[in-house]
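Enquirer: The structure is given below, and queries will be raised subsequently.
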Amino acid sequence: MRIDLHTHSTASDGTQPPAEVVASAAAAGLDVIALTDHDTSSGWAEALAAGDALGVRVVPGVEISCLRGGVSVHLLSYLHDPDDPALARMLASSRTSRESRARTMVARLTPVTGITWADVQAQVHGPATIGRPHIADALVVAGVVGDRDEAFATLLSGRGPYFVPQTAPDPVEAVRCVRAAGGVPVVAHPAASKRGSCIDDADVEEMTAAGLAGLEVDHRDHSEDERAHLRVLAHDLGLFTTGSSDYHGAGKKNLIGEHTTDPDVLTTLEALAAPLVVPGPDGPVGPGVRGA
Ligand code: AMP
Ligand code: ZN
Ligand code: FE
Ligand code: FE
């Protein structure tokens with residue numbers, strides 16, 4: 001069984017609609033994929049329907065933007081209640097912050113590149129979570145850069161003068177929120193040092209005390225040394241480890257299924273998610289209770 005637990009669609013900054021991501025997974029011979037768009041669950045229904053039609057199991061998820069001391073942390077959440085009010089508020093607030101931050105970046109870029117906010121909006125398909133890749137696409141259309149990679153290496157670099165950070169929750173707070181919503185939290189690419197600064201082992205330990213379940217280890221942005229370190233850390237803290245592609249369609253070189261997760265890990269992950277409970281006349285109520 002081949003399992004890829006980290007993919008993006010046009011619901012955020014991927015280039016394929018959710019159903020096409022699932023079709024790409026089927027074509028690549030995958031049995032299970034998680035759709036984990038940035039800060040939104042809006043692609044779930046389409047992905048789940050495509051999964052039913054194509055015989056691919058779809059694990060609904062989200063990649064939550066977090067910040068700790070100026071360091072960006074991405075937290076994957078799987079199988080949470082998408083209607084949990086606190087989690088929904090956290091994600092909505094991140095989407096709002098992402099948009100205002102993107103507007104500020106574009107305002108800084110306009111004098112040097114000529115691109116406008118309307119040019120960026122033309123690259124966003126439907127009610128998607130906005131990110132730097134949409135600005136990159138506008139720069140490509142304007143002929144300023146050749147592709148997303150060039151945009152990220154130059155004008156959109158986190159170390160450059162046009163970059164503006166978004167506001168985002170602390171990762172420990174996000175872990176608690178995911179657990180309260182019945183979800184299973186896993187740190188995405190925790191040691192991807194070429195992207196920028198990363199959280200340290202003490203941060204992961206603190207997140208574990210708050211309910212963290214796993215670490216994404218096999219990811220193209222991790223070196224062999226980084227993977228080896230994360231495996232030891234996960235073992236010491238009792239966390240499971242995953243492997244995933246972080247597929248973005250044509251937006252990044254990452255191929256769907258290029259890294260995969262052990263089936264036993266998926267079983268563990270699913271057992272940790274709050275079960276679907278249909279409340280009877282007198283309850284139950286509380287975290288993890290879904291449906292009605
Ligand atoms: P943002 O979330 O707006 O800060 O933008 C970061 C997002 O862009 C992440 O999801 C990355 O996967 C994606 N990204 C980072 N580097 C690149 C790149 N070189 N090409 C395309 N997408 C990238
Ligand atoms: Zn992305
Ligand atoms: Fe990420
Ligand atoms: Fe991602």
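Numbering starts fresh at 1 for the residues of each chain in the structure tokens, the chains themselves are lettered A, B, ... in the order given, and ligands are numbered from 1 as they appear.
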For stretch 81-90 of chain A, work out the shell of residues within 12 Å, counting only C-alpha atoms and skipping chain neighbours fewer than 3 positions away, then give it as a PyMOL selection string.

Expert: chain A and resi 39-45+60-62+64-66+77-78+93-97+167-171+173-184+273-277+286-292

Enquirer: Any residue with an atom at most 7 Å from ligand 2 counts, using only C-alpha atoms and all ligand atoms. Which are they? Put them as an MDAnalysis selection string.

Expert: chainID A and resid 8 13:14 38 248

Enquirer: Please produce an output containing N, CA, C and O atoms for each residue in the selection, written as a PDB file, in the first residue's frame.

Expert:
```pdb
ATOM      1  N   HIS A   8      -0.975  19.515  -2.082  1.00  0.00           N
ATOM      2  CA  HIS A   8      -1.681  20.801  -2.192  1.00  0.00           C
ATOM      3  C   HIS A   8      -2.440  20.893  -3.517  1.00  0.00           C
ATOM      4  O   HIS A   8      -1.978  20.389  -4.544  1.00  0.00           O
ATOM      5  N   ASP A  13      -2.043  26.726  -2.761  1.00  0.00           N
ATOM      6  CA  ASP A  13      -1.064  27.145  -3.765  1.00  0.00           C
ATOM      7  C   ASP A  13      -0.598  26.021  -4.683  1.00  0.00           C
ATOM      8  O   ASP A  13       0.439  26.141  -5.332  1.00  0.00           O
ATOM      9  N   GLY A  14      -1.383  24.929  -4.760  1.00  0.00           N
ATOM     10  CA  GLY A  14      -1.104  23.910  -5.779  1.00  0.00           C
ATOM     11  C   GLY A  14      -1.654  24.387  -7.113  1.00  0.00           C
ATOM     12  O   GLY A  14      -2.401  25.368  -7.164  1.00  0.00           O
ATOM     13  N   HIS A  38      -2.961  24.722   2.535  1.00  0.00           N
ATOM     14  CA  HIS A  38      -2.596  25.682   3.569  1.00  0.00           C
ATOM     15  C   HIS A  38      -3.849  26.342   4.154  1.00  0.00           C
ATOM     16  O   HIS A  38      -4.615  26.999   3.429  1.00  0.00           O
ATOM     17  N   HIS A 248       2.792  20.030  -5.244  1.00  0.00           N
ATOM     18  CA  HIS A 248       2.100  21.290  -5.583  1.00  0.00           C
ATOM     19  C   HIS A 248       1.726  21.326  -7.064  1.00  0.00           C
ATOM     20  O   HIS A 248       1.680  22.395  -7.678  1.00  0.00           O
TER      21      HIS A 248
END
```

Enquirer: One decimal, in Å: what's the spacing between atom CA of A:Gly69 and atom CA of A:Asp203?

Expert: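 Calculated distance between atom CA of A:Gly69 and atom CA of A:Asp203 is 10.9 Å.
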
Enquirer: From the list A:Asp200, A:Asp37, A:Glu224, A:Asp147, which residue is nearest ligand 3 when using only C-alpha atoms and all ligand atoms?

Expert: A:Asp37

Enquirer: Could you pull out all residues of stretch 33-235 of chain A with a DSSP call of helix (DSSP H, G or I) and give them as a PDB file with N, CA and C atoms, in the first residue's frame?

Expert:
```pdb
ATOM      1  N   TRP A  44     -11.711  19.628   0.594  1.00  0.00           N
ATOM      2  CA  TRP A  44     -11.992  18.258   1.052  1.00  0.00           C
ATOM      3  C   TRP A  44     -13.109  17.571   0.273  1.00  0.00           C
ATOM      4  N   ALA A  45     -14.252  18.231   0.116  1.00  0.00           N
ATOM      5  CA  ALA A  45     -15.429  17.569  -0.467  1.00  0.00           C
ATOM      6  C   ALA A  45     -15.107  17.074  -1.877  1.00  0.00           C
ATOM      7  N   GLU A  46     -14.467  17.933  -2.667  1.00  0.00           N
ATOM      8  CA  GLU A  46     -14.133  17.539  -4.046  1.00  0.00           C
ATOM      9  C   GLU A  46     -13.129  16.380  -4.049  1.00  0.00           C
ATOM     10  N   ALA A  47     -12.139  16.435  -3.164  1.00  0.00           N
ATOM     11  CA  ALA A  47     -11.127  15.371  -3.121  1.00  0.00           C
ATOM     12  C   ALA A  47     -11.741  14.045  -2.665  1.00  0.00           C
ATOM     13  N   LEU A  48     -12.599  14.103  -1.648  1.00  0.00           N
ATOM     14  CA  LEU A  48     -13.220  12.876  -1.141  1.00  0.00           C
ATOM     15  C   LEU A  48     -14.103  12.237  -2.218  1.00  0.00           C
ATOM     16  N   ALA A  49     -14.851  13.063  -2.957  1.00  0.00           N
ATOM     17  CA  ALA A  49     -15.714  12.531  -4.021  1.00  0.00           C
ATOM     18  C   ALA A  49     -14.861  11.893  -5.118  1.00  0.00           C
ATOM     19  N   ALA A  50     -13.754  12.567  -5.483  1.00  0.00           N
ATOM     20  CA  ALA A  50     -12.865  12.011  -6.510  1.00  0.00           C
ATOM     21  C   ALA A  50     -12.237  10.712  -6.018  1.00  0.00           C
ATOM     22  N   GLY A  51     -11.890  10.669  -4.734  1.00  0.00           N
ATOM     23  CA  GLY A  51     -11.311   9.462  -4.151  1.00  0.00           C
ATOM     24  C   GLY A  51     -12.277   8.284  -4.252  1.00  0.00           C
ATOM     25  N   ASP A  52     -13.555   8.539  -3.960  1.00  0.00           N
ATOM     26  CA  ASP A  52     -14.582   7.491  -4.077  1.00  0.00           C
ATOM     27  C   ASP A  52     -14.661   6.996  -5.512  1.00  0.00           C
ATOM     28  N   ALA A  53     -14.639   7.936  -6.447  1.00  0.00           N
ATOM     29  CA  ALA A  53     -14.812   7.575  -7.859  1.00  0.00           C
ATOM     30  C   ALA A  53     -13.597   6.821  -8.399  1.00  0.00           C
ATOM     31  N   LEU A  54     -12.407   7.155  -7.904  1.00  0.00           N
ATOM     32  CA  LEU A  54     -11.179   6.607  -8.492  1.00  0.00           C
ATOM     33  C   LEU A  54     -10.544   5.497  -7.657  1.00  0.00           C
ATOM     34  N   PRO A  85     -15.246  25.189  15.949  1.00  0.00           N
ATOM     35  CA  PRO A  85     -15.211  26.655  15.879  1.00  0.00           C
ATOM     36  C   PRO A  85     -13.825  27.254  16.148  1.00  0.00           C
ATOM     37  N   ALA A  86     -13.100  26.749  17.143  1.00  0.00           N
ATOM     38  CA  ALA A  86     -11.804  27.358  17.479  1.00  0.00           C
ATOM     39  C   ALA A  86     -10.796  27.146  16.346  1.00  0.00           C
ATOM     40  N   LEU A  87     -10.753  25.933  15.802  1.00  0.00           N
ATOM     41  CA  LEU A  87      -9.823  25.656  14.704  1.00  0.00           C
ATOM     42  C   LEU A  87     -10.229  26.454  13.456  1.00  0.00           C
ATOM     43  N   ALA A  88     -11.521  26.491  13.174  1.00  0.00           N
ATOM     44  CA  ALA A  88     -11.992  27.248  12.000  1.00  0.00           C
ATOM     45  C   ALA A  88     -11.616  28.722  12.132  1.00  0.00           C
ATOM     46  N   ARG A  89     -11.717  29.260  13.354  1.00  0.00           N
ATOM     47  CA  ARG A  89     -11.338  30.664  13.582  1.00  0.00           C
ATOM     48  C   ARG A  89      -9.847  30.866  13.355  1.00  0.00           C
ATOM     49  N   MET A  90      -9.051  29.925  13.865  1.00  0.00           N
ATOM     50  CA  MET A  90      -7.585  30.027  13.709  1.00  0.00           C
ATOM     51  C   MET A  90      -7.213  30.054  12.219  1.00  0.00           C
ATOM     52  N   LEU A  91      -7.821  29.166  11.446  1.00  0.00           N
ATOM     53  CA  LEU A  91      -7.492  29.087  10.021  1.00  0.00           C
ATOM     54  C   LEU A  91      -7.996  30.324   9.277  1.00  0.00           C
ATOM     55  N   ALA A  92      -9.194  30.792   9.627  1.00  0.00           N
ATOM     56  CA  ALA A  92      -9.750  31.979   8.953  1.00  0.00           C
ATOM     57  C   ALA A  92      -8.864  33.186   9.212  1.00  0.00           C
ATOM     58  N   SER A  93      -8.379  33.288  10.435  1.00  0.00           N
ATOM     59  CA  SER A  93      -7.537  34.423  10.781  1.00  0.00           C
ATOM     60  C   SER A  93      -6.205  34.361  10.012  1.00  0.00           C
ATOM     61  N   SER A  94      -5.660  33.161   9.824  1.00  0.00           N
ATOM     62  CA  SER A  94      -4.434  33.020   9.023  1.00  0.00           C
ATOM     63  C   SER A  94      -4.679  33.399   7.568  1.00  0.00           C
ATOM     64  N   ARG A  95      -5.831  33.007   7.037  1.00  0.00           N
ATOM     65  CA  ARG A  95      -6.116  33.346   5.630  1.00  0.00           C
ATOM     66  C   ARG A  95      -6.216  34.865   5.452  1.00  0.00           C
ATOM     67  N   THR A  96      -6.853  35.523   6.427  1.00  0.00           N
ATOM     68  CA  THR A  96      -6.977  36.987   6.361  1.00  0.00           C
ATOM     69  C   THR A  96      -5.597  37.630   6.418  1.00  0.00           C
ATOM     70  N   SER A  97      -4.763  37.140   7.337  1.00  0.00           N
ATOM     71  CA  SER A  97      -3.425  37.696   7.499  1.00  0.00           C
ATOM     72  C   SER A  97      -2.578  37.441   6.254  1.00  0.00           C
ATOM     73  N   ARG A  98      -2.745  36.263   5.648  1.00  0.00           N
ATOM     74  CA  ARG A  98      -2.009  35.956   4.418  1.00  0.00           C
ATOM     75  C   ARG A  98      -2.367  36.932   3.309  1.00  0.00           C
ATOM     76  N   GLU A  99      -3.656  37.286   3.243  1.00  0.00           N
ATOM     77  CA  GLU A  99      -4.055  38.203   2.169  1.00  0.00           C
ATOM     78  C   GLU A  99      -3.467  39.601   2.400  1.00  0.00           C
ATOM     79  N   SER A 100      -3.540  40.108   3.642  1.00  0.00           N
ATOM     80  CA  SER A 100      -3.023  41.468   3.845  1.00  0.00           C
ATOM     81  C   SER A 100      -1.507  41.492   3.676  1.00  0.00           C
ATOM     82  N   ARG A 101      -0.854  40.425   4.095  1.00  0.00           N
ATOM     83  CA  ARG A 101       0.599  40.347   3.912  1.00  0.00           C
ATOM     84  C   ARG A 101       0.961  40.270   2.422  1.00  0.00           C
ATOM     85  N   ALA A 102       0.175  39.541   1.643  1.00  0.00           N
ATOM     86  CA  ALA A 102       0.442  39.453   0.197  1.00  0.00           C
ATOM     87  C   ALA A 102       0.221  40.819  -0.455  1.00  0.00           C
ATOM     88  N   ARG A 103      -0.827  41.532  -0.017  1.00  0.00           N
ATOM     89  CA  ARG A 103      -1.078  42.875  -0.566  1.00  0.00           C
ATOM     90  C   ARG A 103       0.106  43.799  -0.278  1.00  0.00           C
ATOM     91  N   THR A 104       0.669  43.702   0.936  1.00  0.00           N
ATOM     92  CA  THR A 104       1.817  44.551   1.283  1.00  0.00           C
ATOM     93  C   THR A 104       3.034  44.180   0.434  1.00  0.00           C
ATOM     94  N   MET A 105       3.250  42.874   0.243  1.00  0.00           N
ATOM     95  CA  MET A 105       4.387  42.464  -0.603  1.00  0.00           C
ATOM     96  C   MET A 105       4.224  42.991  -2.024  1.00  0.00           C
ATOM     97  N   VAL A 106       3.000  42.893  -2.549  1.00  0.00           N
ATOM     98  CA  VAL A 106       2.760  43.355  -3.924  1.00  0.00           C
ATOM     99  C   VAL A 106       2.960  44.870  -4.011  1.00  0.00           C
ATOM    100  N   ALA A 107       2.518  45.584  -2.971  1.00  0.00           N
ATOM    101  CA  ALA A 107       2.719  47.049  -2.974  1.00  0.00           C
ATOM    102  C   ALA A 107       4.214  47.382  -3.022  1.00  0.00           C
ATOM    103  N   ARG A 108       5.027  46.567  -2.346  1.00  0.00           N
ATOM    104  CA  ARG A 108       6.480  46.789  -2.399  1.00  0.00           C
ATOM    105  C   ARG A 108       7.061  46.416  -3.760  1.00  0.00           C
ATOM    106  N   LEU A 109       6.430  45.428  -4.414  1.00  0.00           N
ATOM    107  CA  LEU A 109       6.954  44.934  -5.696  1.00  0.00           C
ATOM    108  C   LEU A 109       6.506  45.776  -6.887  1.00  0.00           C
ATOM    109  N   THR A 110       5.389  46.480  -6.743  1.00  0.00           N
ATOM    110  CA  THR A 110       4.842  47.242  -7.876  1.00  0.00           C
ATOM    111  C   THR A 110       5.856  48.224  -8.490  1.00  0.00           C
ATOM    112  N   PRO A 111       6.541  49.035  -7.674  1.00  0.00           N
ATOM    113  CA  PRO A 111       7.469  49.992  -8.272  1.00  0.00           C
ATOM    114  C   PRO A 111       8.616  49.341  -9.051  1.00  0.00           C
ATOM    115  N   VAL A 112       9.034  48.132  -8.639  1.00  0.00           N
ATOM    116  CA  VAL A 112      10.180  47.503  -9.309  1.00  0.00           C
ATOM    117  C   VAL A 112       9.784  46.524 -10.411  1.00  0.00           C
ATOM    118  N   THR A 113       8.552  46.001 -10.361  1.00  0.00           N
ATOM    119  CA  THR A 113       8.179  44.972 -11.346  1.00  0.00           C
ATOM    120  C   THR A 113       6.956  45.351 -12.175  1.00  0.00           C
ATOM    121  N   TRP A 117      -2.001  44.175  -7.608  1.00  0.00           N
ATOM    122  CA  TRP A 117      -2.814  43.202  -6.859  1.00  0.00           C
ATOM    123  C   TRP A 117      -3.769  42.470  -7.799  1.00  0.00           C
ATOM    124  N   ALA A 118      -4.293  43.183  -8.811  1.00  0.00           N
ATOM    125  CA  ALA A 118      -5.201  42.539  -9.785  1.00  0.00           C
ATOM    126  C   ALA A 118      -4.471  41.426 -10.543  1.00  0.00           C
ATOM    127  N   ASP A 119      -3.191  41.633 -10.852  1.00  0.00           N
ATOM    128  CA  ASP A 119      -2.415  40.589 -11.551  1.00  0.00           C
ATOM    129  C   ASP A 119      -2.304  39.334 -10.683  1.00  0.00           C
ATOM    130  N   VAL A 120      -2.148  39.536  -9.381  1.00  0.00           N
ATOM    131  CA  VAL A 120      -2.036  38.391  -8.468  1.00  0.00           C
ATOM    132  C   VAL A 120      -3.389  37.697  -8.355  1.00  0.00           C
ATOM    133  N   GLN A 121      -4.435  38.488  -8.205  1.00  0.00           N
ATOM    134  CA  GLN A 121      -5.781  37.886  -8.086  1.00  0.00           C
ATOM    135  C   GLN A 121      -6.130  37.047  -9.312  1.00  0.00           C
ATOM    136  N   ARG A 132       2.690  33.199  -1.430  1.00  0.00           N
ATOM    137  CA  ARG A 132       3.705  33.737  -2.338  1.00  0.00           C
ATOM    138  C   ARG A 132       3.681  33.075  -3.721  1.00  0.00           C
ATOM    139  N   PRO A 133       3.324  31.765  -3.825  1.00  0.00           N
ATOM    140  CA  PRO A 133       3.291  31.178  -5.169  1.00  0.00           C
ATOM    141  C   PRO A 133       2.350  31.917  -6.125  1.00  0.00           C
ATOM    142  N   HIS A 134       1.268  32.506  -5.618  1.00  0.00           N
ATOM    143  CA  HIS A 134       0.365  33.263  -6.508  1.00  0.00           C
ATOM    144  C   HIS A 134       1.057  34.543  -7.002  1.00  0.00           C
ATOM    145  N   ILE A 135       1.839  35.164  -6.115  1.00  0.00           N
ATOM    146  CA  ILE A 135       2.601  36.353  -6.539  1.00  0.00           C
ATOM    147  C   ILE A 135       3.644  35.908  -7.570  1.00  0.00           C
ATOM    148  N   ALA A 136       4.255  34.750  -7.313  1.00  0.00           N
ATOM    149  CA  ALA A 136       5.248  34.216  -8.264  1.00  0.00           C
ATOM    150  C   ALA A 136       4.611  34.020  -9.636  1.00  0.00           C
ATOM    151  N   ASP A 137       3.398  33.460  -9.662  1.00  0.00           N
ATOM    152  CA  ASP A 137       2.729  33.217 -10.946  1.00  0.00           C
ATOM    153  C   ASP A 137       2.463  34.535 -11.676  1.00  0.00           C
ATOM    154  N   ALA A 138       2.100  35.579 -10.937  1.00  0.00           N
ATOM    155  CA  ALA A 138       1.876  36.887 -11.570  1.00  0.00           C
ATOM    156  C   ALA A 138       3.192  37.430 -12.145  1.00  0.00           C
ATOM    157  N   LEU A 139       4.287  37.193 -11.431  1.00  0.00           N
ATOM    158  CA  LEU A 139       5.604  37.641 -11.923  1.00  0.00           C
ATOM    159  C   LEU A 139       6.015  36.875 -13.183  1.00  0.00           C
ATOM    160  N   VAL A 140       5.637  35.578 -13.243  1.00  0.00           N
ATOM    161  CA  VAL A 140       5.939  34.773 -14.438  1.00  0.00           C
ATOM    162  C   VAL A 140       5.131  35.301 -15.628  1.00  0.00           C
ATOM    163  N   VAL A 141       3.825  35.528 -15.417  1.00  0.00           N
ATOM    164  CA  VAL A 141       2.963  36.027 -16.502  1.00  0.00           C
ATOM    165  C   VAL A 141       3.470  37.381 -17.010  1.00  0.00           C
ATOM    166  N   ARG A 148       8.274  29.734 -10.841  1.00  0.00           N
ATOM    167  CA  ARG A 148       8.105  29.942  -9.392  1.00  0.00           C
ATOM    168  C   ARG A 148       9.432  29.843  -8.656  1.00  0.00           C
ATOM    169  N   ASP A 149      10.256  28.861  -9.042  1.00  0.00           N
ATOM    170  CA  ASP A 149      11.542  28.672  -8.354  1.00  0.00           C
ATOM    171  C   ASP A 149      12.388  29.942  -8.423  1.00  0.00           C
ATOM    172  N   GLU A 150      12.440  30.553  -9.613  1.00  0.00           N
ATOM    173  CA  GLU A 150      13.238  31.773  -9.777  1.00  0.00           C
ATOM    174  C   GLU A 150      12.659  32.905  -8.926  1.00  0.00           C
ATOM    175  N   ALA A 151      11.330  32.993  -8.881  1.00  0.00           N
ATOM    176  CA  ALA A 151      10.696  34.042  -8.068  1.00  0.00           C
ATOM    177  C   ALA A 151      11.066  33.872  -6.598  1.00  0.00           C
ATOM    178  N   PHE A 152      11.014  32.601  -6.104  1.00  0.00           N
ATOM    179  CA  PHE A 152      11.338  32.355  -4.695  1.00  0.00           C
ATOM    180  C   PHE A 152      12.815  32.593  -4.411  1.00  0.00           C
ATOM    181  N   ALA A 153      13.655  32.324  -5.399  1.00  0.00           N
ATOM    182  CA  ALA A 153      15.098  32.504  -5.191  1.00  0.00           C
ATOM    183  C   ALA A 153      15.481  33.979  -5.220  1.00  0.00           C
ATOM    184  N   PRO A 171       3.003  27.350  17.470  1.00  0.00           N
ATOM    185  CA  PRO A 171       2.765  25.931  17.157  1.00  0.00           C
ATOM    186  C   PRO A 171       2.202  25.110  18.324  1.00  0.00           C
ATOM    187  N   VAL A 172       2.556  25.472  19.563  1.00  0.00           N
ATOM    188  CA  VAL A 172       2.017  24.711  20.704  1.00  0.00           C
ATOM    189  C   VAL A 172       0.511  24.949  20.827  1.00  0.00           C
ATOM    190  N   GLU A 173       0.126  26.210  20.633  1.00  0.00           N
ATOM    191  CA  GLU A 173      -1.297  26.550  20.657  1.00  0.00           C
ATOM    192  C   GLU A 173      -2.036  25.808  19.526  1.00  0.00           C
ATOM    193  N   ALA A 174      -1.405  25.739  18.347  1.00  0.00           N
ATOM    194  CA  ALA A 174      -2.027  25.064  17.206  1.00  0.00           C
ATOM    195  C   ALA A 174      -2.188  23.568  17.476  1.00  0.00           C
ATOM    196  N   VAL A 175      -1.182  22.938  18.100  1.00  0.00           N
ATOM    197  CA  VAL A 175      -1.279  21.509  18.435  1.00  0.00           C
ATOM    198  C   VAL A 175      -2.471  21.266  19.357  1.00  0.00           C
ATOM    199  N   ARG A 176      -2.614  22.111  20.373  1.00  0.00           N
ATOM    200  CA  ARG A 176      -3.750  21.953  21.315  1.00  0.00           C
ATOM    201  C   ARG A 176      -5.073  22.095  20.585  1.00  0.00           C
ATOM    202  N   CYS A 177      -5.125  23.082  19.688  1.00  0.00           N
ATOM    203  CA  CYS A 177      -6.352  23.369  18.949  1.00  0.00           C
ATOM    204  C   CYS A 177      -6.722  22.184  18.045  1.00  0.00           C
ATOM    205  N   VAL A 178      -5.732  21.601  17.373  1.00  0.00           N
ATOM    206  CA  VAL A 178      -5.985  20.444  16.499  1.00  0.00           C
ATOM    207  C   VAL A 178      -6.516  19.273  17.314  1.00  0.00           C
ATOM    208  N   ARG A 179      -5.873  19.004  18.452  1.00  0.00           N
ATOM    209  CA  ARG A 179      -6.316  17.890  19.307  1.00  0.00           C
ATOM    210  C   ARG A 179      -7.739  18.114  19.796  1.00  0.00           C
ATOM    211  N   ALA A 180      -8.045  19.350  20.191  1.00  0.00           N
ATOM    212  CA  ALA A 180      -9.392  19.655  20.689  1.00  0.00           C
ATOM    213  C   ALA A 180     -10.437  19.495  19.586  1.00  0.00           C
ATOM    214  N   ASP A 201      14.828  21.097  18.885  1.00  0.00           N
ATOM    215  CA  ASP A 201      14.304  19.900  19.555  1.00  0.00           C
ATOM    216  C   ASP A 201      13.459  20.256  20.773  1.00  0.00           C
ATOM    217  N   ALA A 202      13.844  21.338  21.479  1.00  0.00           N
ATOM    218  CA  ALA A 202      13.084  21.736  22.671  1.00  0.00           C
ATOM    219  C   ALA A 202      11.668  22.172  22.282  1.00  0.00           C
ATOM    220  N   ASP A 203      11.541  22.839  21.128  1.00  0.00           N
ATOM    221  CA  ASP A 203      10.214  23.228  20.650  1.00  0.00           C
ATOM    222  C   ASP A 203       9.370  21.988  20.349  1.00  0.00           C
ATOM    223  N   VAL A 204       9.999  21.006  19.703  1.00  0.00           N
ATOM    224  CA  VAL A 204       9.275  19.770  19.373  1.00  0.00           C
ATOM    225  C   VAL A 204       8.842  19.067  20.658  1.00  0.00           C
ATOM    226  N   GLU A 205       9.717  19.109  21.667  1.00  0.00           N
ATOM    227  CA  GLU A 205       9.388  18.480  22.948  1.00  0.00           C
ATOM    228  C   GLU A 205       8.169  19.160  23.586  1.00  0.00           C
ATOM    229  N   GLU A 206       8.169  20.487  23.513  1.00  0.00           N
ATOM    230  CA  GLU A 206       7.037  21.254  24.063  1.00  0.00           C
ATOM    231  C   GLU A 206       5.744  20.941  23.303  1.00  0.00           C
ATOM    232  N   MET A 207       5.870  20.826  21.998  1.00  0.00           N
ATOM    233  CA  MET A 207       4.691  20.481  21.187  1.00  0.00           C
ATOM    234  C   MET A 207       4.219  19.067  21.520  1.00  0.00           C
ATOM    235  N   THR A 208       5.152  18.168  21.797  1.00  0.00           N
ATOM    236  CA  THR A 208       4.788  16.787  22.142  1.00  0.00           C
ATOM    237  C   THR A 208       3.991  16.758  23.448  1.00  0.00           C
ATOM    238  N   ALA A 209       4.419  17.566  24.410  1.00  0.00           N
ATOM    239  CA  ALA A 209       3.691  17.624  25.684  1.00  0.00           C
ATOM    240  C   ALA A 209       2.267  18.141  25.466  1.00  0.00           C
ATOM    241  N   GLU A 224      20.051  13.759   4.470  1.00  0.00           N
ATOM    242  CA  GLU A 224      20.122  12.455   5.162  1.00  0.00           C
ATOM    243  C   GLU A 224      20.421  12.663   6.646  1.00  0.00           C
ATOM    244  N   ASP A 225      21.308  13.613   6.957  1.00  0.00           N
ATOM    245  CA  ASP A 225      21.651  13.872   8.361  1.00  0.00           C
ATOM    246  C   ASP A 225      20.437  14.394   9.118  1.00  0.00           C
ATOM    247  N   GLU A 226      19.693  15.292   8.477  1.00  0.00           N
ATOM    248  CA  GLU A 226      18.500  15.846   9.126  1.00  0.00           C
ATOM    249  C   GLU A 226      17.474  14.739   9.390  1.00  0.00           C
ATOM    250  N   ARG A 227      17.317  13.831   8.420  1.00  0.00           N
ATOM    251  CA  ARG A 227      16.366  12.718   8.611  1.00  0.00           C
ATOM    252  C   ARG A 227      16.804  11.820   9.770  1.00  0.00           C
ATOM    253  N   ALA A 228      18.102  11.534   9.812  1.00  0.00           N
ATOM    254  CA  ALA A 228      18.614  10.654  10.866  1.00  0.00           C
ATOM    255  C   ALA A 228      18.370  11.294  12.233  1.00  0.00           C
ATOM    256  N   HIS A 229      18.625  12.593  12.326  1.00  0.00           N
ATOM    257  CA  HIS A 229      18.406  13.293  13.595  1.00  0.00           C
ATOM    258  C   HIS A 229      16.926  13.239  13.989  1.00  0.00           C
ATOM    259  N   LEU A 230      16.037  13.495  13.020  1.00  0.00           N
ATOM    260  CA  LEU A 230      14.598  13.512  13.320  1.00  0.00           C
ATOM    261  C   LEU A 230      14.100  12.129  13.738  1.00  0.00           C
ATOM    262  N   ARG A 231      14.675  11.058  13.147  1.00  0.00           N
ATOM    263  CA  ARG A 231      14.242   9.707  13.523  1.00  0.00           C
ATOM    264  C   ARG A 231      14.577   9.418  14.990  1.00  0.00           C
ATOM    265  N   VAL A 232      15.766   9.846  15.411  1.00  0.00           N
ATOM    266  CA  VAL A 232      16.162   9.645  16.808  1.00  0.00           C
ATOM    267  C   VAL A 232      15.247  10.463  17.725  1.00  0.00           C
ATOM    268  N   LEU A 233      15.013  11.722  17.336  1.00  0.00           N
ATOM    269  CA  LEU A 233      14.157  12.603  18.141  1.00  0.00           C
ATOM    270  C   LEU A 233      12.751  11.999  18.267  1.00  0.00           C
ATOM    271  N   ALA A 234      12.194  11.535  17.153  1.00  0.00           N
ATOM    272  CA  ALA A 234      10.845  10.954  17.172  1.00  0.00           C
ATOM    273  C   ALA A 234      10.817   9.732  18.077  1.00  0.00           C
ATOM    274  N   HIS A 235      11.838   8.901  17.966  1.00  0.00           N
ATOM    275  CA  HIS A 235      11.905   7.694  18.801  1.00  0.00           C
ATOM    276  C   HIS A 235      11.938   8.066  20.278  1.00  0.00           C
TER     277      HIS A 235
END
```

Enquirer: Kindly provide, as a ChimeraX atom specification, all nucleotide and amino acid residues lying within 9 Å of ligand 3, counting only C-alpha atoms and all ligand atoms.

Expert: /A:6,38,63-65,73-76,188-189,246

Enquirer: Give me, please, the distance in Å between atom CA of A:Ala250 and atom 5 (O, counted along the ligand's line) of ligand 1, quoted to one decimal.

Expert: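 These two atoms are separated by 15.1 Å.
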
Enquirer: Between A:Leu5, A:Val124, A:Leu30, A:Ile115, which is the closest to A:Val187 once you count only C-alpha atoms?

Expert: A:Leu5

Enquirer: With distances taken over only C-alpha atoms and all ligand atoms, which residue among A:Ser9, A:Asp218, A:Pro161, A:Phe240 lies nearest ligand 4?

Expert: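 Once distances to ligand 4 are computed over only C-alpha atoms and all ligand atoms, the minimum belongs to A:Ser9.
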
Enquirer: Could you pull out all residues of stretch 33-106 of chain A with a DSSP call of strand (DSSP E) and give them as JSON, numbers by chain?

Expert: {"A": [33, 34, 35, 36, 37, 38, 57, 58, 59, 60, 61, 62, 63, 64, 65, 66, 67, 68, 71, 72, 73, 74, 75, 76, 77, 78]}

Enquirer: Let me make sure I understand: among A:Gly238, A:Pro263, A:Gly131, A:Gly211, which one has the smallest atom-to-atom distance to ligand 4 if we use only C-alpha atoms and all ligand atoms?

Expert: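 Closest to ligand 4, using only C-alpha atoms and all ligand atoms: A:Gly131.
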